[in-house]
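Quick look at protein_13.tsv (TSV, N, CA and C atoms and all ligand atoms):
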chain	number	residue	atom	x	y	z
A	1	MET	N	-25.99	133.92	-51.18
A	1	MET	CA	-26.01	135.21	-50.49
A	1	MET	C	-27.41	135.56	-49.99
A	2	SER	N	-28.32	134.61	-49.92
A	2	SER	CA	-29.67	135.01	-49.57
A	2	SER	C	-30.11	134.50	-48.20
A	3	ASP	N	-29.29	133.71	-47.54
A	3	ASP	CA	-29.73	133.11	-46.30
A	3	ASP	C	-29.15	133.86	-45.10
A	4	GLY	N	-29.88	134.87	-44.64
A	4	GLY	CA	-29.43	135.65	-43.51
A	4	GLY	C	-28.57	136.82	-43.94
A	5	VAL	N	-28.18	137.63	-42.96
A	5	VAL	CA	-27.40	138.84	-43.21
A	5	VAL	C	-26.08	138.72	-42.46
A	6	PRO	N	-24.95	138.73	-43.18
A	6	PRO	CA	-23.66	138.59	-42.51
A	6	PRO	C	-23.32	139.83	-41.69
A	7	MET	N	-22.87	139.60	-40.46
A	7	MET	CA	-22.46	140.67	-39.56
A	7	MET	C	-21.09	140.33	-39.01
A	8	ARG	N	-20.57	141.20	-38.15
A	8	ARG	CA	-19.26	140.93	-37.54
A	8	ARG	C	-19.40	140.90	-36.03
A	9	ARG	N	-18.76	139.89	-35.43
A	9	ARG	CA	-18.77	139.74	-33.98
A	9	ARG	C	-17.37	140.03	-33.45
A	10	CYS	N	-17.29	140.90	-32.44
A	10	CYS	CA	-16.00	141.26	-31.85
A	10	CYS	C	-15.32	140.03	-31.25
A	11	GLY	N	-14.07	139.84	-31.59
A	11	GLY	CA	-13.33	138.70	-31.08
A	11	GLY	C	-12.94	138.85	-29.63
A	12	SER	N	-13.10	140.06	-29.09
A	12	SER	CA	-12.70	140.31	-27.71
A	12	SER	C	-13.90	140.26	-26.76
A	13	CYS	N	-14.98	141.00	-27.08
A	13	CYS	CA	-16.10	141.09	-26.14
A	13	CYS	C	-17.39	140.46	-26.67
A	14	GLY	N	-17.43	140.09	-27.96
A	14	GLY	CA	-18.61	139.43	-28.50
A	14	GLY	C	-19.69	140.36	-29.02
A	15	HIS	N	-19.46	141.68	-28.92
A	15	HIS	CA	-20.43	142.66	-29.44
A	15	HIS	C	-20.57	142.48	-30.95
A	16	VAL	N	-21.80	142.55	-31.46
A	16	VAL	CA	-22.04	142.37	-32.89
A	16	VAL	C	-22.37	143.71	-33.53
A	17	VAL	N	-21.74	144.00	-34.68
A	17	VAL	CA	-21.99	145.26	-35.37
A	17	VAL	C	-22.47	145.02	-36.79
A	18	PHE	N	-23.29	145.95	-37.28
A	18	PHE	CA	-23.70	145.99	-38.68
A	18	PHE	C	-24.08	147.43	-38.99
A	19	PRO	N	-23.58	148.03	-40.04
A	19	PRO	CA	-22.57	147.48	-40.95
A	19	PRO	C	-21.20	147.36	-40.28
A	20	PRO	N	-20.25	146.70	-40.96
A	20	PRO	CA	-18.92	146.48	-40.38
A	20	PRO	C	-18.23	147.79	-40.01
A	21	ARG	N	-17.44	147.76	-38.95
A	21	ARG	CA	-16.64	148.91	-38.53
A	21	ARG	C	-15.22	148.43	-38.29
A	22	PRO	N	-14.27	149.35	-38.37
A	22	PRO	CA	-12.87	148.94	-38.11
A	22	PRO	C	-12.63	148.59	-36.65
A	23	LEU	N	-13.28	149.33	-35.73
A	23	LEU	CA	-13.04	149.10	-34.30
A	23	LEU	C	-14.36	148.79	-33.60
A	24	CYS	N	-14.31	147.92	-32.60
A	24	CYS	CA	-15.50	147.59	-31.82
A	24	CYS	C	-15.95	148.82	-31.03
A	25	PRO	N	-17.23	149.25	-31.17
A	25	PRO	CA	-17.70	150.42	-30.42
A	25	PRO	C	-17.83	150.15	-28.93
A	26	SER	N	-17.80	148.88	-28.56
A	26	SER	CA	-17.96	148.52	-27.15
A	26	SER	C	-16.63	148.47	-26.41
A	27	CYS	N	-15.61	147.88	-27.04
A	27	CYS	CA	-14.34	147.69	-26.32
A	27	CYS	C	-13.12	148.21	-27.08
A	28	GLY	N	-13.29	148.61	-28.34
A	28	GLY	CA	-12.18	149.17	-29.09
A	28	GLY	C	-11.28	148.16	-29.78
A	29	ALA	N	-11.59	146.87	-29.66
A	29	ALA	CA	-10.76	145.85	-30.31
A	29	ALA	C	-10.96	145.88	-31.82
A	30	SER	N	-10.05	145.25	-32.55
A	30	SER	CA	-10.13	145.29	-34.01
A	30	SER	C	-10.09	143.89	-34.62
A	31	SER	N	-10.37	142.86	-33.84
A	31	SER	CA	-10.42	141.51	-34.40
A	31	SER	C	-11.88	141.06	-34.45
A	32	TRP	N	-12.27	140.50	-35.59
A	32	TRP	CA	-13.68	140.17	-35.83
A	32	TRP	C	-13.82	138.75	-36.33
A	33	SER	N	-14.97	138.15	-36.03
A	33	SER	CA	-15.34	136.91	-36.68
A	33	SER	C	-16.70	137.13	-37.32
A	34	GLU	N	-17.05	136.27	-38.27
A	34	GLU	CA	-18.31	136.45	-38.96
A	34	GLU	C	-19.45	135.84	-38.17
A	35	ALA	N	-20.59	136.51	-38.18
A	35	ALA	CA	-21.81	135.99	-37.57
A	35	ALA	C	-22.94	136.29	-38.54
A	36	VAL	N	-23.97	135.47	-38.55
A	36	VAL	CA	-25.07	135.65	-39.50
A	36	VAL	C	-26.37	135.82	-38.73
A	37	ALA	N	-27.06	136.94	-38.98
A	37	ALA	CA	-28.38	137.18	-38.40
A	37	ALA	C	-29.42	136.61	-39.35
A	38	ARG	N	-30.24	135.70	-38.86
A	38	ARG	CA	-31.24	135.06	-39.74
A	38	ARG	C	-32.66	135.48	-39.45
A	39	THR	N	-32.91	135.95	-38.23
A	39	THR	CA	-34.28	136.32	-37.88
A	39	THR	C	-34.25	137.65	-37.11
A	40	GLY	N	-35.44	138.21	-36.91
A	40	GLY	CA	-35.54	139.45	-36.16
A	40	GLY	C	-36.98	139.72	-35.80
A	41	VAL	N	-37.19	140.86	-35.10
A	41	VAL	CA	-38.53	141.27	-34.69
A	41	VAL	C	-38.74	142.71	-35.16
A	42	VAL	N	-39.89	142.97	-35.79
A	42	VAL	CA	-40.20	144.30	-36.31
A	42	VAL	C	-40.39	145.27	-35.15
A	43	GLU	N	-39.67	146.39	-35.19
A	43	GLU	CA	-39.81	147.41	-34.15
A	43	GLU	C	-40.58	148.62	-34.65
A	44	GLU	N	-40.48	148.95	-35.92
A	44	GLU	CA	-41.10	150.15	-36.44
A	44	GLU	C	-41.34	149.96	-37.94
A	45	VAL	N	-42.45	150.53	-38.42
A	45	VAL	CA	-42.79	150.39	-39.83
A	45	VAL	C	-42.97	151.77	-40.44
A	46	THR	N	-42.39	151.99	-41.60
A	46	THR	CA	-42.51	153.25	-42.32
A	46	THR	C	-43.03	152.95	-43.72
A	47	VAL	N	-44.13	153.59	-44.11
A	47	VAL	CA	-44.67	153.42	-45.45
A	47	VAL	C	-44.35	154.66	-46.26
A	48	ARG	N	-43.60	154.47	-47.34
A	48	ARG	CA	-43.30	155.58	-48.26
A	48	ARG	C	-44.26	155.46	-49.42
A	49	ARG	N	-45.43	156.11	-49.28
A	49	ARG	CA	-46.49	155.90	-50.27
A	49	ARG	C	-46.07	156.38	-51.65
A	50	ALA	N	-45.36	157.49	-51.71
A	50	ALA	CA	-44.97	158.03	-53.01
A	50	ALA	C	-44.08	157.05	-53.77
A	51	ALA	N	-43.23	156.34	-53.03
A	51	ALA	CA	-42.32	155.40	-53.67
A	51	ALA	C	-42.91	153.99	-53.72
A	52	GLY	N	-44.05	153.80	-53.06
A	52	GLY	CA	-44.66	152.48	-53.04
A	52	GLY	C	-43.85	151.46	-52.28
A	53	VAL	N	-43.18	151.91	-51.22
A	53	VAL	CA	-42.26	151.04	-50.50
A	53	VAL	C	-42.62	151.03	-49.02
A	54	THR	N	-42.58	149.87	-48.42
A	54	THR	CA	-42.71	149.76	-46.98
A	54	THR	C	-41.36	149.35	-46.39
A	55	LEU	N	-40.91	150.15	-45.42
A	55	LEU	CA	-39.65	149.85	-44.76
A	55	LEU	C	-39.93	149.43	-43.33
A	56	ALA	N	-39.22	148.41	-42.87
A	56	ALA	CA	-39.39	147.95	-41.50
A	56	ALA	C	-38.05	148.00	-40.78
A	57	SER	N	-38.05	148.60	-39.58
A	57	SER	CA	-36.86	148.52	-38.72
A	57	SER	C	-36.97	147.22	-37.94
A	58	VAL	N	-35.99	146.37	-38.12
A	58	VAL	CA	-36.03	145.04	-37.52
A	58	VAL	C	-34.86	144.86	-36.57
A	59	ARG	N	-35.17	144.50	-35.32
A	59	ARG	CA	-34.12	144.16	-34.36
A	59	ARG	C	-33.69	142.73	-34.64
A	60	SER	N	-32.46	142.55	-35.14
A	60	SER	CA	-32.01	141.21	-35.52
A	60	SER	C	-31.73	140.36	-34.29
A	61	ASP	N	-31.67	139.06	-34.50
A	61	ASP	CA	-31.43	138.14	-33.38
A	61	ASP	C	-30.04	138.35	-32.77
A	62	LEU	N	-29.14	139.01	-33.51
A	62	LEU	CA	-27.81	139.27	-32.96
A	62	LEU	C	-27.69	140.64	-32.31
A	63	GLY	N	-28.74	141.47	-32.42
A	63	GLY	CA	-28.73	142.75	-31.73
A	63	GLY	C	-28.88	143.97	-32.62
A	64	PRO	N	-28.06	144.11	-33.69
A	64	PRO	CA	-28.16	145.32	-34.51
A	64	PRO	C	-29.55	145.47	-35.15
A	65	VAL	N	-29.98	146.73	-35.31
A	65	VAL	CA	-31.26	147.03	-35.96
A	65	VAL	C	-31.00	147.29	-37.44
A	66	LEU	N	-31.79	146.64	-38.29
A	66	LEU	CA	-31.64	146.77	-39.74
A	66	LEU	C	-32.86	147.46	-40.32
A	67	THR	N	-32.65	148.27	-41.36
A	67	THR	CA	-33.77	148.80	-42.13
A	67	THR	C	-33.96	147.87	-43.32
A	68	THR	N	-35.14	147.28	-43.41
A	68	THR	CA	-35.38	146.29	-44.45
A	68	THR	C	-36.58	146.68	-45.29
A	69	ARG	N	-36.63	146.14	-46.48
A	69	ARG	CA	-37.81	146.30	-47.33
A	69	ARG	C	-38.79	145.19	-46.99
A	70	TRP	N	-40.06	145.57	-47.01
A	70	TRP	CA	-41.11	144.60	-46.73
A	70	TRP	C	-41.88	144.38	-48.01
A	71	PRO	N	-42.15	143.10	-48.37
A	71	PRO	CA	-42.77	142.83	-49.67
A	71	PRO	C	-44.21	143.30	-49.79
A	72	GLY	N	-44.85	143.63	-48.68
A	72	GLY	CA	-46.23	144.11	-48.77
A	72	GLY	C	-47.12	143.36	-47.82
A	73	GLY	N	-48.30	143.93	-47.58
A	73	GLY	CA	-49.24	143.31	-46.66
A	73	GLY	C	-49.10	143.87	-45.26
A	74	GLU	N	-49.96	143.41	-44.40
A	74	GLU	CA	-50.00	143.91	-43.03
A	74	GLU	C	-48.72	143.54	-42.28
A	75	LEU	N	-48.24	144.48	-41.48
A	75	LEU	CA	-46.99	144.23	-40.77
A	75	LEU	C	-47.05	144.87	-39.38
A	76	PRO	N	-47.63	144.18	-38.41
A	76	PRO	CA	-47.69	144.75	-37.05
A	76	PRO	C	-46.31	144.76	-36.40
A	77	GLU	N	-46.08	145.76	-35.54
A	77	GLU	CA	-44.85	145.75	-34.76
A	77	GLU	C	-44.85	144.50	-33.88
A	78	GLY	N	-43.68	143.93	-33.69
A	78	GLY	CA	-43.58	142.70	-32.91
A	78	GLY	C	-43.62	141.45	-33.76
A	79	THR	N	-43.86	141.62	-35.08
A	79	THR	CA	-43.87	140.46	-35.98
A	79	THR	C	-42.48	139.84	-36.07
A	80	ALA	N	-42.41	138.52	-35.97
A	80	ALA	CA	-41.14	137.82	-36.16
A	80	ALA	C	-40.91	137.60	-37.65
A	81	VAL	N	-39.72	137.95	-38.12
A	81	VAL	CA	-39.42	137.85	-39.55
A	81	VAL	C	-38.08	137.14	-39.76
A	82	GLU	N	-37.91	136.62	-40.98
A	82	GLU	CA	-36.60	136.13	-41.37
A	82	GLU	C	-35.95	137.19	-42.24
A	83	LEU	N	-34.62	137.24	-42.18
A	83	LEU	CA	-33.86	138.27	-42.88
A	83	LEU	C	-33.13	137.66	-44.06
A	84	ARG	N	-33.11	138.41	-45.16
A	84	ARG	CA	-32.40	137.94	-46.35
A	84	ARG	C	-31.58	139.09	-46.93
A	85	LEU	N	-30.39	138.76	-47.36
A	85	LEU	CA	-29.58	139.72	-48.11
A	85	LEU	C	-29.70	139.35	-49.58
A	86	GLU	N	-30.34	140.21	-50.35
A	86	GLU	CA	-30.53	139.92	-51.77
A	86	GLU	C	-29.21	140.13	-52.52
A	87	PRO	N	-29.09	139.51	-53.69
A	87	PRO	CA	-27.85	139.70	-54.49
A	87	PRO	C	-27.57	141.17	-54.78
A	88	SER	N	-28.61	142.00	-54.82
A	88	SER	CA	-28.43	143.43	-55.08
A	88	SER	C	-27.82	144.15	-53.89
A	89	GLY	N	-27.77	143.47	-52.71
A	89	GLY	CA	-27.27	144.11	-51.52
A	89	GLY	C	-28.38	144.67	-50.64
A	90	ARG	N	-29.60	144.60	-51.13
A	90	ARG	CA	-30.77	145.07	-50.39
A	90	ARG	C	-31.15	144.01	-49.34
A	91	ILE	N	-31.56	144.48	-48.16
A	91	ILE	CA	-31.99	143.55	-47.13
A	91	ILE	C	-33.52	143.50	-47.13
A	92	THR	N	-34.07	142.32	-47.17
A	92	THR	CA	-35.53	142.17	-47.13
A	92	THR	C	-35.91	141.31	-45.94
A	93	SER	N	-37.18	141.44	-45.54
A	93	SER	CA	-37.68	140.63	-44.43
A	93	SER	C	-38.98	139.97	-44.86
A	94	ARG	N	-39.20	138.79	-44.34
A	94	ARG	CA	-40.45	138.05	-44.61
A	94	ARG	C	-40.95	137.47	-43.33
A	95	ARG	N	-42.26	137.45	-43.21
A	95	ARG	CA	-42.88	136.89	-42.01
A	95	ARG	C	-42.50	135.42	-41.88
A	96	ILE	N	-42.17	135.00	-40.68
A	96	ILE	CA	-41.88	133.59	-40.43
A	96	ILE	C	-43.20	132.84	-40.42
A	97	PRO	N	-43.33	131.82	-41.25
A	97	PRO	CA	-44.62	131.10	-41.35
A	97	PRO	C	-45.03	130.47	-40.03
A	101	ZN	ZN	-15.53	144.39	-28.44
Let me see whether you can do it: turn the structure in this file into structure tokens.
Ligand SMILES: [Zn+2]
Amino acid sequence: MSDGVPMRRCGSCGHVVFPPRPLCPSCGASSWSEAVARTGVVEEVTVRRAAGVTLASVRSDLGPVLTTRWPGGELPEGTAVELRLEPSGRITSRRIP
């Protein structure tokens, strides 16, 4: 469960959604296939100093924007990252080496 983030791709128009929805917001169809987002690009960074947490909004390679935890360190917007779904259900991102 750690290699990429599972998403759903509309079987009718190909639109990808995350989190899953019953109906496609683009065409209204209800048939889905699984797709996995493995990488993304950082669009926005939020530091919650009180909680000691850095959150990054990441545009995934499949389109949907995810809010992910960042393990720490400098994180410029535009950074390419890989996406992981941790066993806890939390999404994390790491800089692509
Ligand atoms: Zn659709």
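Among A:Pro19, A:Pro71, A:Pro6, A:Gly28, the residue with the shortest atom-to-atom distance to ligand ZN 101 (chain A), counting all atoms listed in the file, is A:Gly28.
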TODO: Give as a PyMOL selection string the residues surrounding ligand ZN 101 (chain A) up to a distance of 7 Å, considering only N, CA and C atoms and all ligand atoms.
DONE: chain A and resi 9-15+23-30
- [ ] Could you tell me which of A:Val53, A:Val81, A:Val65, A:Val47 comes closest to Phe18 (chain A) if we count only N, CA and C atoms?
- [x]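 Counting only N, CA and C atoms, the residue closest to Phe18 (chain A) is A:Val65.
Residue nearest Arg38 (chain A) within the list A:Ser88, A:Thr68, A:Ser60, A:Thr79: A:Ser60 [criterion: smallest interatomic distance, all atoms listed in the file].
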Task: CA of Val16 (chain A) to CA of Pro76 (chain A), straight-line distance in Å - done: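 Calculated distance between CA of Pro76 (chain A) and CA of Val16 (chain A) is 26.1 Å.
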- [ ] Would you mind reading off the distance between CA of Ser33 (chain A) and atom C of Gly63 (chain A), one decimal, in Å?
- [x] 15.8 Å
Among chain A, which residues carry a DSSP assignment of strand (DSSP E or B), reported as an mmCIF file with N, CA and C atoms, keeping the file's coordinate frame?
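As written to disk, out05.cif reads:
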data_model
loop_
_atom_site.group_PDB
_atom_site.id
_atom_site.type_symbol
_atom_site.label_atom_id
_atom_site.label_comp_id
_atom_site.auth_asym_id
_atom_site.auth_seq_id
_atom_site.Cartn_x
_atom_site.Cartn_y
_atom_site.Cartn_z
ATOM 1 N N GLY A 4 -29.880 134.870 -44.640
ATOM 2 C CA GLY A 4 -29.430 135.650 -43.510
ATOM 3 C C GLY A 4 -28.570 136.820 -43.940
ATOM 4 N N VAL A 5 -28.180 137.630 -42.960
ATOM 5 C CA VAL A 5 -27.400 138.840 -43.210
ATOM 6 C C VAL A 5 -26.080 138.720 -42.460
ATOM 7 N N PRO A 6 -24.950 138.730 -43.180
ATOM 8 C CA PRO A 6 -23.660 138.590 -42.510
ATOM 9 C C PRO A 6 -23.320 139.830 -41.690
ATOM 10 N N MET A 7 -22.870 139.600 -40.460
ATOM 11 C CA MET A 7 -22.460 140.670 -39.560
ATOM 12 C C MET A 7 -21.090 140.330 -39.010
ATOM 13 N N ARG A 8 -20.570 141.200 -38.150
ATOM 14 C CA ARG A 8 -19.260 140.930 -37.540
ATOM 15 C C ARG A 8 -19.400 140.900 -36.030
ATOM 16 N N ARG A 9 -18.760 139.890 -35.430
ATOM 17 C CA ARG A 9 -18.770 139.740 -33.980
ATOM 18 C C ARG A 9 -17.370 140.030 -33.450
ATOM 19 N N CYS A 10 -17.290 140.900 -32.440
ATOM 20 C CA CYS A 10 -16.000 141.260 -31.850
ATOM 21 C C CYS A 10 -15.320 140.030 -31.250
ATOM 22 N N VAL A 16 -21.800 142.550 -31.460
ATOM 23 C CA VAL A 16 -22.040 142.370 -32.890
ATOM 24 C C VAL A 16 -22.370 143.710 -33.530
ATOM 25 N N VAL A 17 -21.740 144.000 -34.680
ATOM 26 C CA VAL A 17 -21.990 145.260 -35.370
ATOM 27 C C VAL A 17 -22.470 145.020 -36.790
ATOM 28 N N TRP A 32 -12.270 140.500 -35.590
ATOM 29 C CA TRP A 32 -13.680 140.170 -35.830
ATOM 30 C C TRP A 32 -13.820 138.750 -36.330
ATOM 31 N N SER A 33 -14.970 138.150 -36.030
ATOM 32 C CA SER A 33 -15.340 136.910 -36.680
ATOM 33 C C SER A 33 -16.700 137.130 -37.320
ATOM 34 N N GLU A 34 -17.050 136.270 -38.270
ATOM 35 C CA GLU A 34 -18.310 136.450 -38.960
ATOM 36 C C GLU A 34 -19.450 135.840 -38.170
ATOM 37 N N ALA A 35 -20.590 136.510 -38.180
ATOM 38 C CA ALA A 35 -21.810 135.990 -37.570
ATOM 39 C C ALA A 35 -22.940 136.290 -38.540
ATOM 40 N N VAL A 36 -23.970 135.470 -38.550
ATOM 41 C CA VAL A 36 -25.070 135.650 -39.500
ATOM 42 C C VAL A 36 -26.370 135.820 -38.730
ATOM 43 N N ALA A 37 -27.060 136.940 -38.980
ATOM 44 C CA ALA A 37 -28.380 137.180 -38.400
ATOM 45 C C ALA A 37 -29.420 136.610 -39.350
ATOM 46 N N THR A 39 -32.910 135.950 -38.230
ATOM 47 C CA THR A 39 -34.280 136.320 -37.880
ATOM 48 C C THR A 39 -34.250 137.650 -37.110
ATOM 49 N N GLY A 40 -35.440 138.210 -36.910
ATOM 50 C CA GLY A 40 -35.540 139.450 -36.160
ATOM 51 C C GLY A 40 -36.980 139.720 -35.800
ATOM 52 N N VAL A 41 -37.190 140.860 -35.100
ATOM 53 C CA VAL A 41 -38.530 141.270 -34.690
ATOM 54 C C VAL A 41 -38.740 142.710 -35.160
ATOM 55 N N VAL A 42 -39.890 142.970 -35.790
ATOM 56 C CA VAL A 42 -40.200 144.300 -36.310
ATOM 57 C C VAL A 42 -40.390 145.270 -35.150
ATOM 58 N N GLU A 43 -39.670 146.390 -35.190
ATOM 59 C CA GLU A 43 -39.810 147.410 -34.150
ATOM 60 C C GLU A 43 -40.580 148.620 -34.650
ATOM 61 N N GLU A 44 -40.480 148.950 -35.920
ATOM 62 C CA GLU A 44 -41.100 150.150 -36.440
ATOM 63 C C GLU A 44 -41.340 149.960 -37.940
ATOM 64 N N VAL A 45 -42.450 150.530 -38.420
ATOM 65 C CA VAL A 45 -42.790 150.390 -39.830
ATOM 66 C C VAL A 45 -42.970 151.770 -40.440
ATOM 67 N N THR A 46 -42.390 151.990 -41.600
ATOM 68 C CA THR A 46 -42.510 153.250 -42.320
ATOM 69 C C THR A 46 -43.030 152.950 -43.720
ATOM 70 N N VAL A 47 -44.130 153.590 -44.110
ATOM 71 C CA VAL A 47 -44.670 153.420 -45.450
ATOM 72 C C VAL A 47 -44.350 154.660 -46.260
ATOM 73 N N ARG A 48 -43.600 154.470 -47.340
ATOM 74 C CA ARG A 48 -43.300 155.580 -48.260
ATOM 75 C C ARG A 48 -44.260 155.460 -49.420
ATOM 76 N N VAL A 53 -43.180 151.910 -51.220
ATOM 77 C CA VAL A 53 -42.260 151.040 -50.500
ATOM 78 C C VAL A 53 -42.620 151.030 -49.020
ATOM 79 N N THR A 54 -42.580 149.870 -48.420
ATOM 80 C CA THR A 54 -42.710 149.760 -46.980
ATOM 81 C C THR A 54 -41.360 149.350 -46.390
ATOM 82 N N LEU A 55 -40.910 150.150 -45.420
ATOM 83 C CA LEU A 55 -39.650 149.850 -44.760
ATOM 84 C C LEU A 55 -39.930 149.430 -43.330
ATOM 85 N N ALA A 56 -39.220 148.410 -42.870
ATOM 86 C CA ALA A 56 -39.390 147.950 -41.500
ATOM 87 C C ALA A 56 -38.050 148.000 -40.780
ATOM 88 N N SER A 57 -38.050 148.600 -39.580
ATOM 89 C CA SER A 57 -36.860 148.520 -38.720
ATOM 90 C C SER A 57 -36.970 147.220 -37.940
ATOM 91 N N VAL A 58 -35.990 146.370 -38.120
ATOM 92 C CA VAL A 58 -36.030 145.040 -37.520
ATOM 93 C C VAL A 58 -34.860 144.860 -36.570
ATOM 94 N N ARG A 59 -35.170 144.500 -35.320
ATOM 95 C CA ARG A 59 -34.120 144.160 -34.360
ATOM 96 C C ARG A 59 -33.690 142.730 -34.640
ATOM 97 N N SER A 60 -32.460 142.550 -35.140
ATOM 98 C CA SER A 60 -32.010 141.210 -35.520
ATOM 99 C C SER A 60 -31.730 140.360 -34.290
ATOM 100 N N VAL A 65 -29.980 146.730 -35.310
ATOM 101 C CA VAL A 65 -31.260 147.030 -35.960
ATOM 102 C C VAL A 65 -31.000 147.290 -37.440
ATOM 103 N N LEU A 66 -31.790 146.640 -38.290
ATOM 104 C CA LEU A 66 -31.640 146.770 -39.740
ATOM 105 C C LEU A 66 -32.860 147.460 -40.320
ATOM 106 N N THR A 67 -32.650 148.270 -41.360
ATOM 107 C CA THR A 67 -33.770 148.800 -42.130
ATOM 108 C C THR A 67 -33.960 147.870 -43.320
ATOM 109 N N THR A 68 -35.140 147.280 -43.410
ATOM 110 C CA THR A 68 -35.380 146.290 -44.450
ATOM 111 C C THR A 68 -36.580 146.680 -45.290
ATOM 112 N N ARG A 69 -36.630 146.140 -46.480
ATOM 113 C CA ARG A 69 -37.810 146.300 -47.330
ATOM 114 C C ARG A 69 -38.790 145.190 -46.990
ATOM 115 N N TRP A 70 -40.060 145.570 -47.010
ATOM 116 C CA TRP A 70 -41.110 144.600 -46.730
ATOM 117 C C TRP A 70 -41.880 144.380 -48.010
ATOM 118 N N ALA A 80 -42.410 138.520 -35.970
ATOM 119 C CA ALA A 80 -41.140 137.820 -36.160
ATOM 120 C C ALA A 80 -40.910 137.600 -37.650
ATOM 121 N N VAL A 81 -39.720 137.950 -38.120
ATOM 122 C CA VAL A 81 -39.420 137.850 -39.550
ATOM 123 C C VAL A 81 -38.080 137.140 -39.760
ATOM 124 N N GLU A 82 -37.910 136.620 -40.980
ATOM 125 C CA GLU A 82 -36.600 136.130 -41.370
ATOM 126 C C GLU A 82 -35.950 137.190 -42.240
ATOM 127 N N LEU A 83 -34.620 137.240 -42.180
ATOM 128 C CA LEU A 83 -33.860 138.270 -42.880
ATOM 129 C C LEU A 83 -33.130 137.660 -44.060
ATOM 130 N N ARG A 84 -33.110 138.410 -45.160
ATOM 131 C CA ARG A 84 -32.400 137.940 -46.350
ATOM 132 C C ARG A 84 -31.580 139.090 -46.930
ATOM 133 N N LEU A 85 -30.390 138.760 -47.360
ATOM 134 C CA LEU A 85 -29.580 139.720 -48.110
ATOM 135 C C LEU A 85 -29.700 139.350 -49.580
ATOM 136 N N ILE A 91 -31.560 144.480 -48.160
ATOM 137 C CA ILE A 91 -31.990 143.550 -47.130
ATOM 138 C C ILE A 91 -33.520 143.500 -47.130
ATOM 139 N N THR A 92 -34.070 142.320 -47.170
ATOM 140 C CA THR A 92 -35.530 142.170 -47.130
ATOM 141 C C THR A 92 -35.910 141.310 -45.940
ATOM 142 N N SER A 93 -37.180 141.440 -45.540
ATOM 143 C CA SER A 93 -37.680 140.630 -44.430
ATOM 144 C C SER A 93 -38.980 139.970 -44.860
ATOM 145 N N ARG A 94 -39.200 138.790 -44.340
ATOM 146 C CA ARG A 94 -40.450 138.050 -44.610
ATOM 147 C C ARG A 94 -40.950 137.470 -43.330
ATOM 148 N N ARG A 95 -42.260 137.450 -43.210
ATOM 149 C CA ARG A 95 -42.880 136.890 -42.010
ATOM 150 C C ARG A 95 -42.500 135.420 -41.880
#
Open item on the list: Quick check, in Å to one decimal: how far apart do CA of Ala35 (chain A) and CA of Glu86 (chain A) lie?
Closed with: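 Distance reported for this atom pair: 17.1 Å.
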Open item on the list: Under the rule that only C-alpha atoms are counted, which of A:Leu85, A:Val45, A:Ala80, A:Ala50 is the nearest residue to Val5 (chain A)?
Closed with: A:Leu85
TODO: May I have the residues within 9 Å of Val36 (chain A) as a ChimeraX atom specification, using only C-alpha atoms and disregarding those fewer than 6 positions away in the same chain?
DONE: /A:3-8,62
